Amino acid sequence: MSGRGRVHFGSFLFAVVVIAGGSVCARAAEPDAEGVAFFERYVRPILSDHCYECHSANAKKLKGGLLLDSRAGVLTGGDTGPAIVPGKVDESLLIKAVRWADADTKMPPKTKLSDRQIELLEEWVKMGAPDPRKGGNSGLIKREIDLEAGRQYWAFVKPGVMTAPKVKDTAWPMTETDRFVLATLESKGLTPVADADRETLVRRVYFDLIGLPPTPQQVDRFLADRTSQALAKVVDELLASPRFGERWGRHWLDVARYAESTGMERNFAYPQAWRFRDYVIASMNADKPYDRFIREQVAGDLIEPLPGQDATEPVIATGFLAMGPKSLNEKDKDQFRMDVVDEQIDVTSRAVLGLTVSCARCHDHKFDPFPQEDYYALAGIFTSTQVYYGTKKQNGNRQPGELMPLGDGAEEAAAALKAHRARMAALNKQLTAAQDKLKKLAKEEKKLKDGDATKLAKINAEMAGMKATVTELDEKLDKVRADAPPEPEYAMGLGDSDKPGDCRVHIRGNPDTLGESVPRGYLRVLPASDDELKIDDHHSGRVQLAEWLTDPEHGAGHLAARVMVNRIWHHLFGAGIVRTVDNFGASGEEPSDARLLDHLATTFIADGWSVKKTVRRLVLSHVYRLSNEYSAANDAIDPDNLLHWRMDRRRLDAEALRDAVLSAAGMLELDPVTHSVVADLDGDIERDNKMLAKVKGVASDHRSVYLPIVRNVVPEMLQTFDFAEPSMLVGARDVTTVPTQALYMMNSPFVLSRSKQMAERLLGDSSNDDAGRVTQAYRLALCRLPSEQERVRALRYLDATTKELSGDAARVTAWASFCQALLASAEFRYIN
């Protein structure tokens, strides 16, 4: 995503229309961490470059009485009212002006903002216009940054050895994690609630670890095992299942903003993106050490494969930094390159370190100790890197990209294929020219049929020669076509550029306004204390960057560990210890229990950066087994459950919900999907009805992680239930409750057809009577037995509905409506 706009004009005369009802100052949302990051990265640069010259405290002549360099100025507006109405895009005069919707208020007046810049402003207003600014500001933030003082901030301080604290209730803890949790609870006068019942617990652990409900048989097996190791047996079985990688790989794909197209103005296909998806799933299943996992994604093309590892695997991993959204319609190559670099810095710093470094693209970071020079120290690493993303030059694609050939001899094979295609193209060009010449001669021959015999003979001779040439070229083409070299496999990814070098500071982020050159390096607040992390002149520096990111002793590895264990905690407990999971900076939240976070981080590193060991440790803790029982006394002290005195009730995410519907219907296909429908597409998907129909027409019963994820064309059910926006890094998904979700469960063909299949599954079991079928329906959908009251009510409903309906299908229809009621219930959609 482009994080800024360029200076294209001088004066910005902002005329606005009076809003009916007077110029009452609108109220903007109080900016949260996500909103602040969005404003700093996208909105401030646009306003600074395109508005401040005429609409700031430093303007030579203020136009229209409008100040856009402060929050109050934007909301109060100019001579005729507020510039924006938070949350209401179409009522915001600023948006109307930049859209050029009115000839009298076209702003900027000389050069319209790009479509992407307008979209960013619209998104900002839709978010409630979060704006951290207090007073006026020229837009070029340069502040005194005390790096030594900055190193005292909690996230940058390396954790020491964490000893489990003493607790009063020594019988309650089952693990060291429990001792940290309980010690904090006791210090605040809180008491953990009772444990969840065993049916609730087994459903919880299945969904959390593999994203699927347990079968009735699996529930029975757990309930029958009364040993102290019953849960551990289930957990170990789930950790060993291939389904684990599909579930936990999807968590990382959210962070990696995985998608199979560029998005933005020209939504071109990424035909090879699926390889990265499969790489992530396989890495999670193999419990690849997290530090290695990160190193492969940053510099996998430059590091040696592990013993026994397929050499193409770490190369495919670098797709992490190639698959971001891209503005292919951008004319300026320097602007395009720096927008790609900005997106790479953003995803690397936030995914691994939880830091919003890209906010320092145009100015010193407003909140964290990141000078603008540090941004360009990192930028030099990525400007020294070649990005392979694979969009061919076509109409609307001004910035085509190649793909990276895979495997031994792949580069030679790719070169041979390229030469072969060039030869084919040359022969085809000759053949076309010869055929055109032959057609021209044929027309001349026809005209001279009864004319000059000498000329006719000459033309006939020429035609004979040209026919021979066409025949010869046809034969050559057939022979060359038959000798075509095999096509290698390709992937998205990275490679070092031929001429690595440092990057100059871009003043206000503008590639046309350059400052001093900055040596390639890292964030100085987290200094690299090892000579091996120094970057030489002959390489990009990505290997050293990967090491710095994951080295807990000489780089930022201790922060990377904190961020990852916090992500794991978030997925198991519903909220992170640091609730702003992608922002550990000053504009994010502080940890609710810093000792617990450091304990988990140091243990994670000591365990060899094992995700599976960390997951296992947490789900076998006592705190994980708690119910979501309400306690008025606890709620009075900790209403948000920040300290984990109970388990939060959580809604299933979109994929788990869809997969659970398929599972209940008996239709879920567990075999992994190879490739993707997008692998066969090439071009702008949204502008090609055939390609769009192929993407939308995928009707798969496989797990949702294998559905095609095309930006702006996310499958309907996933979109309805808060799927992660694939153009953005999303460590914590939104959880909304809106009417469209209930309507989807009531009316969508997917739910209706699966409800019928579930009914047919139940009715096809001749060993059960209707009472037994009701019991089985509850077990398939809700993983529990129905109460007697529920059973009686269900049987009455089924009997009455069957009698009310007519025809041979009445019984199936009645049972399908009953199954749909279970699938649409809140209990089905939530984990207790």
# chains A, B, ... in the order shown; residues from 1 in each chain; ligands from 1
$ residues_around --residues "Trp274 of chain A" --least-positions-apart "2" --cutoff "8 Å" --atoms "only C-alpha atoms" --output "list in words"
Glu260, Pro271, Gln272, Phe276, Arg277, Asp278, His675, Ser676 and Ala679 of chain A
$ residues_around --residues "Leu782 of chain A" --least-positions-apart "3" --cutoff "6 Å" --atoms "only C-alpha atoms" --output "PyMOL selection string"
chain A and resi 778-779+828
$ closest_residue --among "A:Asn634, A:Thr383, A:Ser610, A:Gln789" --to "Asp291 of chain A" --atoms "only C-alpha atoms"
A:Ser610
$ select_by_dssp --residues "segment 618-813 of chain A" --states "strand (DSSP E or B)" --output "list in words"
Leu626, Arg650, Arg651, Glu669, Asp684 and His702 of chain A
$ atom_distance --atom1 "atom CA of Phe382 of chain A" --atom2 "atom CA of Gly515 of chain A"
18.0 Å
$ residues_around --residues "Arg711 of chain A" --least-positions-apart "5" --cutoff "10 Å" --atoms "only C-alpha atoms" --output "compact mmCIF listing (two decimals) with all heavy atoms, in the first residue's frame"
# COMPACT_ATOMS: atom_id res chain seq x y z
N ARG A 257 -0.36 -10.84 5.55
CA ARG A 257 -1.32 -10.27 4.59
C ARG A 257 -1.33 -11.09 3.30
O ARG A 257 -1.26 -10.60 2.19
CB ARG A 257 -1.08 -8.77 4.38
CG ARG A 257 0.05 -8.31 3.44
CD ARG A 257 1.38 -8.26 4.14
NE ARG A 257 2.45 -7.76 3.30
CZ ARG A 257 3.40 -8.54 2.78
NH1 ARG A 257 3.39 -9.84 2.97
NH2 ARG A 257 4.37 -8.00 2.06
N TYR A 258 -1.48 -12.43 3.50
CA TYR A 258 -1.47 -13.37 2.38
C TYR A 258 -2.63 -13.08 1.44
O TYR A 258 -3.78 -12.93 1.85
CB TYR A 258 -1.58 -14.80 2.89
CG TYR A 258 -1.84 -15.82 1.80
CD1 TYR A 258 -0.81 -16.21 0.95
CD2 TYR A 258 -3.11 -16.35 1.59
CE1 TYR A 258 -1.03 -17.12 -0.07
CE2 TYR A 258 -3.34 -17.26 0.58
CZ TYR A 258 -2.31 -17.64 -0.26
OH TYR A 258 -2.54 -18.53 -1.28
N ALA A 259 -2.33 -13.03 0.16
CA ALA A 259 -3.36 -12.85 -0.85
C ALA A 259 -2.80 -13.32 -2.18
O ALA A 259 -1.58 -13.42 -2.37
CB ALA A 259 -3.82 -11.40 -0.94
N GLU A 260 -3.71 -13.57 -3.11
CA GLU A 260 -3.33 -14.10 -4.42
C GLU A 260 -3.54 -13.08 -5.53
O GLU A 260 -3.71 -13.44 -6.69
CB GLU A 260 -4.12 -15.38 -4.69
CG GLU A 260 -3.81 -16.48 -3.68
CD GLU A 260 -4.64 -17.73 -3.90
OE1 GLU A 260 -4.39 -18.43 -4.90
OE2 GLU A 260 -5.52 -18.01 -3.07
N SER A 261 -3.50 -11.81 -5.18
CA SER A 261 -3.58 -10.76 -6.18
C SER A 261 -3.00 -9.48 -5.61
O SER A 261 -2.81 -9.36 -4.40
CB SER A 261 -5.04 -10.53 -6.62
OG SER A 261 -5.78 -9.91 -5.57
N THR A 262 -2.78 -8.50 -6.49
CA THR A 262 -2.14 -7.25 -6.07
C THR A 262 -3.09 -6.33 -5.32
O THR A 262 -2.67 -5.51 -4.52
CB THR A 262 -1.60 -6.48 -7.29
OG1 THR A 262 -2.70 -6.15 -8.15
CG2 THR A 262 -0.59 -7.29 -8.06
N GLY A 263 -4.41 -6.43 -5.61
CA GLY A 263 -5.34 -5.47 -5.06
C GLY A 263 -5.13 -4.11 -5.71
O GLY A 263 -4.52 -3.97 -6.78
N MET A 264 -5.69 -3.09 -5.09
CA MET A 264 -5.55 -1.70 -5.54
C MET A 264 -6.17 -1.49 -6.93
O MET A 264 -7.07 -2.22 -7.32
CB MET A 264 -4.09 -1.26 -5.43
CG MET A 264 -3.57 -1.44 -3.99
SD MET A 264 -1.88 -0.93 -3.70
CE MET A 264 -2.05 0.85 -3.67
N ASN A 267 -6.07 -5.10 -10.17
CA ASN A 267 -5.99 -6.25 -9.28
C ASN A 267 -5.48 -7.48 -10.03
O ASN A 267 -6.25 -8.40 -10.34
CB ASN A 267 -7.38 -6.51 -8.67
CG ASN A 267 -7.31 -7.36 -7.42
OD1 ASN A 267 -6.23 -7.73 -6.96
ND2 ASN A 267 -8.46 -7.69 -6.87
N PHE A 268 -4.19 -7.48 -10.30
CA PHE A 268 -3.59 -8.57 -11.09
C PHE A 268 -3.35 -9.81 -10.22
O PHE A 268 -3.05 -9.71 -9.03
CB PHE A 268 -2.26 -8.12 -11.69
CG PHE A 268 -2.40 -7.44 -13.02
CD1 PHE A 268 -3.13 -6.26 -13.14
CD2 PHE A 268 -1.83 -7.98 -14.16
CE1 PHE A 268 -3.27 -5.63 -14.37
CE2 PHE A 268 -1.95 -7.35 -15.39
CZ PHE A 268 -2.68 -6.17 -15.50
N ALA A 269 -3.47 -10.97 -10.85
CA ALA A 269 -3.29 -12.24 -10.15
C ALA A 269 -1.84 -12.45 -9.75
O ALA A 269 -0.91 -12.06 -10.47
CB ALA A 269 -3.75 -13.39 -11.05
N PRO A 325 0.24 -5.73 -1.35
CA PRO A 325 -0.50 -5.01 -2.40
C PRO A 325 0.42 -4.09 -3.17
O PRO A 325 1.37 -3.55 -2.62
CB PRO A 325 -1.56 -4.24 -1.61
CG PRO A 325 -1.02 -4.13 -0.21
CD PRO A 325 -0.19 -5.36 0.01
N ILE A 685 -7.89 -9.51 -12.45
CA ILE A 685 -9.02 -10.40 -12.17
C ILE A 685 -10.35 -9.66 -12.15
O ILE A 685 -11.35 -10.13 -12.69
CB ILE A 685 -8.79 -11.14 -10.84
CG1 ILE A 685 -7.59 -12.09 -10.96
CG2 ILE A 685 -10.03 -11.93 -10.42
CD1 ILE A 685 -7.17 -12.75 -9.67
N GLU A 686 -10.36 -8.48 -11.53
CA GLU A 686 -11.63 -7.77 -11.38
C GLU A 686 -12.14 -7.18 -12.69
O GLU A 686 -13.32 -6.84 -12.80
CB GLU A 686 -11.48 -6.66 -10.33
CG GLU A 686 -11.40 -7.17 -8.91
CD GLU A 686 -11.52 -6.06 -7.90
OE1 GLU A 686 -12.65 -5.73 -7.52
OE2 GLU A 686 -10.47 -5.50 -7.51
N GLU A 725 -8.57 -8.52 6.58
CA GLU A 725 -8.39 -7.77 5.34
C GLU A 725 -7.03 -8.16 4.73
O GLU A 725 -5.98 -7.91 5.32
CB GLU A 725 -8.44 -6.28 5.62
CG GLU A 725 -7.95 -5.39 4.49
CD GLU A 725 -8.62 -5.69 3.16
OE1 GLU A 725 -9.87 -5.70 3.11
OE2 GLU A 725 -7.89 -5.92 2.19
N PRO A 726 -7.03 -8.80 3.55
CA PRO A 726 -5.77 -9.34 3.02
C PRO A 726 -4.79 -8.31 2.50
O PRO A 726 -3.67 -8.66 2.13
CB PRO A 726 -6.24 -10.27 1.89
CG PRO A 726 -7.59 -9.78 1.51
CD PRO A 726 -8.19 -9.18 2.73
N SER A 727 -5.18 -7.03 2.49
CA SER A 727 -4.22 -6.00 2.10
C SER A 727 -3.48 -5.42 3.29
O SER A 727 -2.59 -4.59 3.12
CB SER A 727 -4.96 -4.85 1.37
OG SER A 727 -5.43 -5.29 0.12
$ closest_residue --among "A:Asn428, A:Leu190, A:Leu798, A:Leu212" --to "Leu662 of chain A" --atoms "only C-alpha atoms"
A:Leu212
$ residues_around --residues "Glu412 of chain A" --least-positions-apart "6" --cutoff "10 Å" --atoms "only C-alpha atoms" --output "ChimeraX atom specification"
/A:405,418,488
$ select_by_dssp --residues "segment 504-574 of chain A" --states "helix (DSSP H, G or I)" --output "PDB file with N, CA, C and O atoms, in the first residue's frame"
ATOM      1  N   ILE A 507      12.981  13.385   1.749  1.00  0.00           N
ATOM      2  CA  ILE A 507      12.377  14.438   2.571  1.00  0.00           C
ATOM      3  C   ILE A 507      10.872  14.428   2.362  1.00  0.00           C
ATOM      4  O   ILE A 507      10.385  14.466   1.227  1.00  0.00           O
ATOM      5  N   ARG A 508      10.148  14.341   3.485  1.00  0.00           N
ATOM      6  CA  ARG A 508       8.700  14.153   3.493  1.00  0.00           C
ATOM      7  C   ARG A 508       8.287  12.900   2.710  1.00  0.00           C
ATOM      8  O   ARG A 508       7.170  12.806   2.208  1.00  0.00           O
ATOM      9  N   GLY A 509       9.193  11.951   2.589  1.00  0.00           N
ATOM     10  CA  GLY A 509       8.885  10.707   1.885  1.00  0.00           C
ATOM     11  C   GLY A 509       8.852  10.839   0.382  1.00  0.00           C
ATOM     12  O   GLY A 509       8.465   9.896  -0.307  1.00  0.00           O
ATOM     13  N   ASP A 531      29.700  -7.903  15.503  1.00  0.00           N
ATOM     14  CA  ASP A 531      30.312  -7.500  14.237  1.00  0.00           C
ATOM     15  C   ASP A 531      29.757  -8.284  13.052  1.00  0.00           C
ATOM     16  O   ASP A 531      29.757  -7.792  11.917  1.00  0.00           O
ATOM     17  N   GLU A 532      29.278  -9.514  13.298  1.00  0.00           N
ATOM     18  CA  GLU A 532      28.744 -10.328  12.212  1.00  0.00           C
ATOM     19  C   GLU A 532      27.455  -9.741  11.644  1.00  0.00           C
ATOM     20  O   GLU A 532      27.008 -10.132  10.559  1.00  0.00           O
ATOM     21  N   LEU A 533      26.831  -8.814  12.373  1.00  0.00           N
ATOM     22  CA  LEU A 533      25.596  -8.196  11.899  1.00  0.00           C
ATOM     23  C   LEU A 533      25.870  -6.956  11.054  1.00  0.00           C
ATOM     24  O   LEU A 533      24.934  -6.320  10.558  1.00  0.00           O
ATOM     25  N   ARG A 542      20.101  -8.415   3.798  1.00  0.00           N
ATOM     26  CA  ARG A 542      18.940  -9.138   4.330  1.00  0.00           C
ATOM     27  C   ARG A 542      19.321 -10.282   5.265  1.00  0.00           C
ATOM     28  O   ARG A 542      18.590 -10.580   6.218  1.00  0.00           O
ATOM     29  N   VAL A 543      20.446 -10.939   5.003  1.00  0.00           N
ATOM     30  CA  VAL A 543      20.878 -12.004   5.921  1.00  0.00           C
ATOM     31  C   VAL A 543      21.142 -11.420   7.305  1.00  0.00           C
ATOM     32  O   VAL A 543      20.703 -11.972   8.323  1.00  0.00           O
ATOM     33  N   GLN A 544      21.841 -10.308   7.327  1.00  0.00           N
ATOM     34  CA  GLN A 544      22.140  -9.677   8.620  1.00  0.00           C
ATOM     35  C   GLN A 544      20.861  -9.138   9.275  1.00  0.00           C
ATOM     36  O   GLN A 544      20.700  -9.216  10.496  1.00  0.00           O
ATOM     37  N   LEU A 545      19.946  -8.613   8.473  1.00  0.00           N
ATOM     38  CA  LEU A 545      18.669  -8.148   9.019  1.00  0.00           C
ATOM     39  C   LEU A 545      17.904  -9.299   9.657  1.00  0.00           C
ATOM     40  O   LEU A 545      17.356  -9.167  10.765  1.00  0.00           O
ATOM     41  N   ALA A 546      17.884 -10.436   8.988  1.00  0.00           N
ATOM     42  CA  ALA A 546      17.186 -11.605   9.523  1.00  0.00           C
ATOM     43  C   ALA A 546      17.805 -12.052  10.840  1.00  0.00           C
ATOM     44  O   ALA A 546      17.089 -12.437  11.780  1.00  0.00           O
ATOM     45  N   GLU A 547      19.131 -11.994  10.914  1.00  0.00           N
ATOM     46  CA  GLU A 547      19.808 -12.373  12.155  1.00  0.00           C
ATOM     47  C   GLU A 547      19.507 -11.358  13.260  1.00  0.00           C
ATOM     48  O   GLU A 547      19.258 -11.728  14.405  1.00  0.00           O
ATOM     49  N   TRP A 548      19.554 -10.081  12.926  1.00  0.00           N
ATOM     50  CA  TRP A 548      19.273  -9.039  13.921  1.00  0.00           C
ATOM     51  C   TRP A 548      17.860  -9.180  14.470  1.00  0.00           C
ATOM     52  O   TRP A 548      17.637  -9.035  15.676  1.00  0.00           O
ATOM     53  N   LEU A 549      16.906  -9.486  13.611  1.00  0.00           N
ATOM     54  CA  LEU A 549      15.513  -9.622  14.046  1.00  0.00           C
ATOM     55  C   LEU A 549      15.330 -10.748  15.060  1.00  0.00           C
ATOM     56  O   LEU A 549      14.443 -10.670  15.917  1.00  0.00           O
ATOM     57  N   THR A 550      16.147 -11.770  14.971  1.00  0.00           N
ATOM     58  CA  THR A 550      15.909 -12.977  15.769  1.00  0.00           C
ATOM     59  C   THR A 550      17.012 -13.286  16.776  1.00  0.00           C
ATOM     60  O   THR A 550      16.933 -14.307  17.464  1.00  0.00           O
ATOM     61  N   GLY A 557      16.001  -9.978  19.010  1.00  0.00           N
ATOM     62  CA  GLY A 557      15.338 -11.267  19.176  1.00  0.00           C
ATOM     63  C   GLY A 557      14.465 -11.370  20.406  1.00  0.00           C
ATOM     64  O   GLY A 557      13.444 -12.062  20.400  1.00  0.00           O
ATOM     65  N   HIS A 558      14.867 -10.673  21.505  1.00  0.00           N
ATOM     66  CA  HIS A 558      14.047 -10.749  22.714  1.00  0.00           C
ATOM     67  C   HIS A 558      12.680 -10.110  22.481  1.00  0.00           C
ATOM     68  O   HIS A 558      11.664 -10.584  23.012  1.00  0.00           O
ATOM     69  N   LEU A 559      12.629  -9.063  21.665  1.00  0.00           N
ATOM     70  CA  LEU A 559      11.352  -8.442  21.350  1.00  0.00           C
ATOM     71  C   LEU A 559      10.547  -9.326  20.397  1.00  0.00           C
ATOM     72  O   LEU A 559       9.325  -9.460  20.546  1.00  0.00           O
ATOM     73  N   ALA A 560      11.228  -9.938  19.430  1.00  0.00           N
ATOM     74  CA  ALA A 560      10.548 -10.861  18.518  1.00  0.00           C
ATOM     75  C   ALA A 560       9.888 -11.999  19.290  1.00  0.00           C
ATOM     76  O   ALA A 560       8.771 -12.430  18.968  1.00  0.00           O
ATOM     77  N   ALA A 561      10.575 -12.503  20.318  1.00  0.00           N
ATOM     78  CA  ALA A 561      10.008 -13.586  21.133  1.00  0.00           C
ATOM     79  C   ALA A 561       8.790 -13.095  21.906  1.00  0.00           C
ATOM     80  O   ALA A 561       7.775 -13.795  22.005  1.00  0.00           O
ATOM     81  N   ARG A 562       8.879 -11.912  22.478  1.00  0.00           N
ATOM     82  CA  ARG A 562       7.726 -11.347  23.197  1.00  0.00           C
ATOM     83  C   ARG A 562       6.516 -11.235  22.275  1.00  0.00           C
ATOM     84  O   ARG A 562       5.391 -11.574  22.644  1.00  0.00           O
ATOM     85  N   VAL A 563       6.763 -10.719  21.078  1.00  0.00           N
ATOM     86  CA  VAL A 563       5.659 -10.501  20.146  1.00  0.00           C
ATOM     87  C   VAL A 563       5.008 -11.829  19.769  1.00  0.00           C
ATOM     88  O   VAL A 563       3.773 -11.937  19.718  1.00  0.00           O
ATOM     89  N   MET A 564       5.808 -12.849  19.514  1.00  0.00           N
ATOM     90  CA  MET A 564       5.240 -14.123  19.072  1.00  0.00           C
ATOM     91  C   MET A 564       4.478 -14.836  20.180  1.00  0.00           C
ATOM     92  O   MET A 564       3.389 -15.358  19.959  1.00  0.00           O
ATOM     93  N   VAL A 565       5.029 -14.862  21.392  1.00  0.00           N
ATOM     94  CA  VAL A 565       4.283 -15.542  22.466  1.00  0.00           C
ATOM     95  C   VAL A 565       3.003 -14.779  22.785  1.00  0.00           C
ATOM     96  O   VAL A 565       1.993 -15.366  23.181  1.00  0.00           O
ATOM     97  N   ASN A 566       3.040 -13.471  22.589  1.00  0.00           N
ATOM     98  CA  ASN A 566       1.820 -12.681  22.787  1.00  0.00           C
ATOM     99  C   ASN A 566       0.777 -13.036  21.739  1.00  0.00           C
ATOM    100  O   ASN A 566      -0.425 -13.098  22.032  1.00  0.00           O
ATOM    101  N   ARG A 567       1.210 -13.288  20.501  1.00  0.00           N
ATOM    102  CA  ARG A 567       0.283 -13.725  19.452  1.00  0.00           C
ATOM    103  C   ARG A 567      -0.317 -15.083  19.817  1.00  0.00           C
ATOM    104  O   ARG A 567      -1.518 -15.314  19.639  1.00  0.00           O
ATOM    105  N   ILE A 568       0.504 -15.984  20.313  1.00  0.00           N
ATOM    106  CA  ILE A 568       0.006 -17.306  20.702  1.00  0.00           C
ATOM    107  C   ILE A 568      -1.014 -17.171  21.821  1.00  0.00           C
ATOM    108  O   ILE A 568      -2.091 -17.797  21.784  1.00  0.00           O
ATOM    109  N   TRP A 569      -0.692 -16.362  22.828  1.00  0.00           N
ATOM    110  CA  TRP A 569      -1.629 -16.147  23.937  1.00  0.00           C
ATOM    111  C   TRP A 569      -2.947 -15.567  23.412  1.00  0.00           C
ATOM    112  O   TRP A 569      -4.036 -15.984  23.832  1.00  0.00           O
ATOM    113  N   HIS A 570      -2.860 -14.634  22.505  1.00  0.00           N
ATOM    114  CA  HIS A 570      -4.064 -14.024  21.929  1.00  0.00           C
ATOM    115  C   HIS A 570      -4.966 -15.076  21.301  1.00  0.00           C
ATOM    116  O   HIS A 570      -6.198 -15.054  21.494  1.00  0.00           O
ATOM    117  N   HIS A 571      -4.393 -16.007  20.547  1.00  0.00           N
ATOM    118  CA  HIS A 571      -5.208 -17.001  19.851  1.00  0.00           C
ATOM    119  C   HIS A 571      -5.788 -18.050  20.791  1.00  0.00           C
ATOM    120  O   HIS A 571      -6.803 -18.674  20.466  1.00  0.00           O
ATOM    121  N   LEU A 572      -5.190 -18.237  21.946  1.00  0.00           N
ATOM    122  CA  LEU A 572      -5.705 -19.229  22.903  1.00  0.00           C
ATOM    123  C   LEU A 572      -6.632 -18.622  23.944  1.00  0.00           C
ATOM    124  O   LEU A 572      -7.501 -19.324  24.470  1.00  0.00           O
ATOM    125  N   PHE A 573      -6.468 -17.341  24.239  1.00  0.00           N
ATOM    126  CA  PHE A 573      -7.251 -16.724  25.308  1.00  0.00           C
ATOM    127  C   PHE A 573      -8.151 -15.576  24.832  1.00  0.00           C
ATOM    128  O   PHE A 573      -8.900 -15.017  25.628  1.00  0.00           O
TER     129      PHE A 573
END
$ closest_residue --among "A:Leu239, A:Ala457, A:Val713, A:Leu795" --to "Asp769 of chain A" --atoms "only C-alpha atoms"
A:Leu795
$ closest_atom_pairs --of "segment 251-359 of chain A" --to "segment 111-117 of chain A" --cutoff "10 Å" --atoms "only C-alpha atoms" --output "JSON lines"
{"residue": "A:Met264", "atom": "CA", "partner": "A:Arg116", "partner_atom": "CA", "distance": 7.0}
{"residue": "A:Glu265", "atom": "CA", "partner": "A:Asp115", "partner_atom": "CA", "distance": 7.3}
{"residue": "A:Ser327", "atom": "CA", "partner": "A:Arg116", "partner_atom": "CA", "distance": 8.1}
{"residue": "A:Asn329", "atom": "CA", "partner": "A:Ser114", "partner_atom": "CA", "distance": 9.9}
{"residue": "A:Glu330", "atom": "CA", "partner": "A:Ser114", "partner_atom": "CA", "distance": 9.0}
$ atom_distance --atom1 "atom CA of Lys803 of chain A" --atom2 "atom CA of Tyr744 of chain A"
27.5 Å
$ closest_residue --among "A:Lys437, A:Arg733, A:Lys756, A:Lys443" --to "Ala665 of chain A" --atoms "only C-alpha atoms"
A:Lys756
$ residues_around --residues "Ala317 of chain A" --least-positions-apart "5" --cutoff "7 Å" --atoms "only C-alpha atoms" --output "ChimeraX atom specification"
/A:276,279,296-297,300
$ write_last_selection --atoms "N, CA and C atoms" --output "short mmCIF file (atom, residue, chain, number, x, y, z; two decimals), in the first residue's frame"
data_model
loop_
_atom_site.label_atom_id
_atom_site.label_comp_id
_atom_site.auth_asym_id
_atom_site.auth_seq_id
_atom_site.Cartn_x
_atom_site.Cartn_y
_atom_site.Cartn_z
N PHE A 276 3.46 -20.02 -1.00
CA PHE A 276 3.76 -19.48 0.33
C PHE A 276 2.76 -20.00 1.35
N TYR A 279 3.84 -23.39 2.22
CA TYR A 279 5.07 -23.33 3.01
C TYR A 279 4.77 -23.05 4.48
N GLU A 296 14.02 -17.38 7.23
CA GLU A 296 13.71 -17.86 5.88
C GLU A 296 12.83 -16.87 5.12
N GLN A 297 11.90 -16.24 5.81
CA GLN A 297 10.98 -15.32 5.12
C GLN A 297 11.65 -14.00 4.75
N GLY A 300 15.56 -16.16 2.90
CA GLY A 300 15.64 -17.59 2.58
C GLY A 300 16.41 -17.90 1.32
#
$ residues_around --residues "Ala299 of chain A" --least-positions-apart "4" --cutoff "12 Å" --atoms "only C-alpha atoms" --output "VMD selection string"
chain A and resid 292 to 295 303 to 305 313 to 322 348 381 to 382 385 to 386 493 to 496 539 to 549
$ atom_distance --atom1 "atom CA of Arg784 of chain A" --atom2 "atom CA of Val623 of chain A"
22.6 Å
$ residues_around --residues "Ser627 of chain A" --least-positions-apart "6" --cutoff "8 Å" --atoms "only C-alpha atoms" --output "list in words"
Val193, Ala194, Asp195, Ala196, Asp197, Arg646, Met647 and Asn832 of chain A
$ closest_residue --among "A:Ala826, A:Val505, A:Ala636, A:Val89" --to "Arg651 of chain A" --atoms "only C-alpha atoms"
A:Ala826
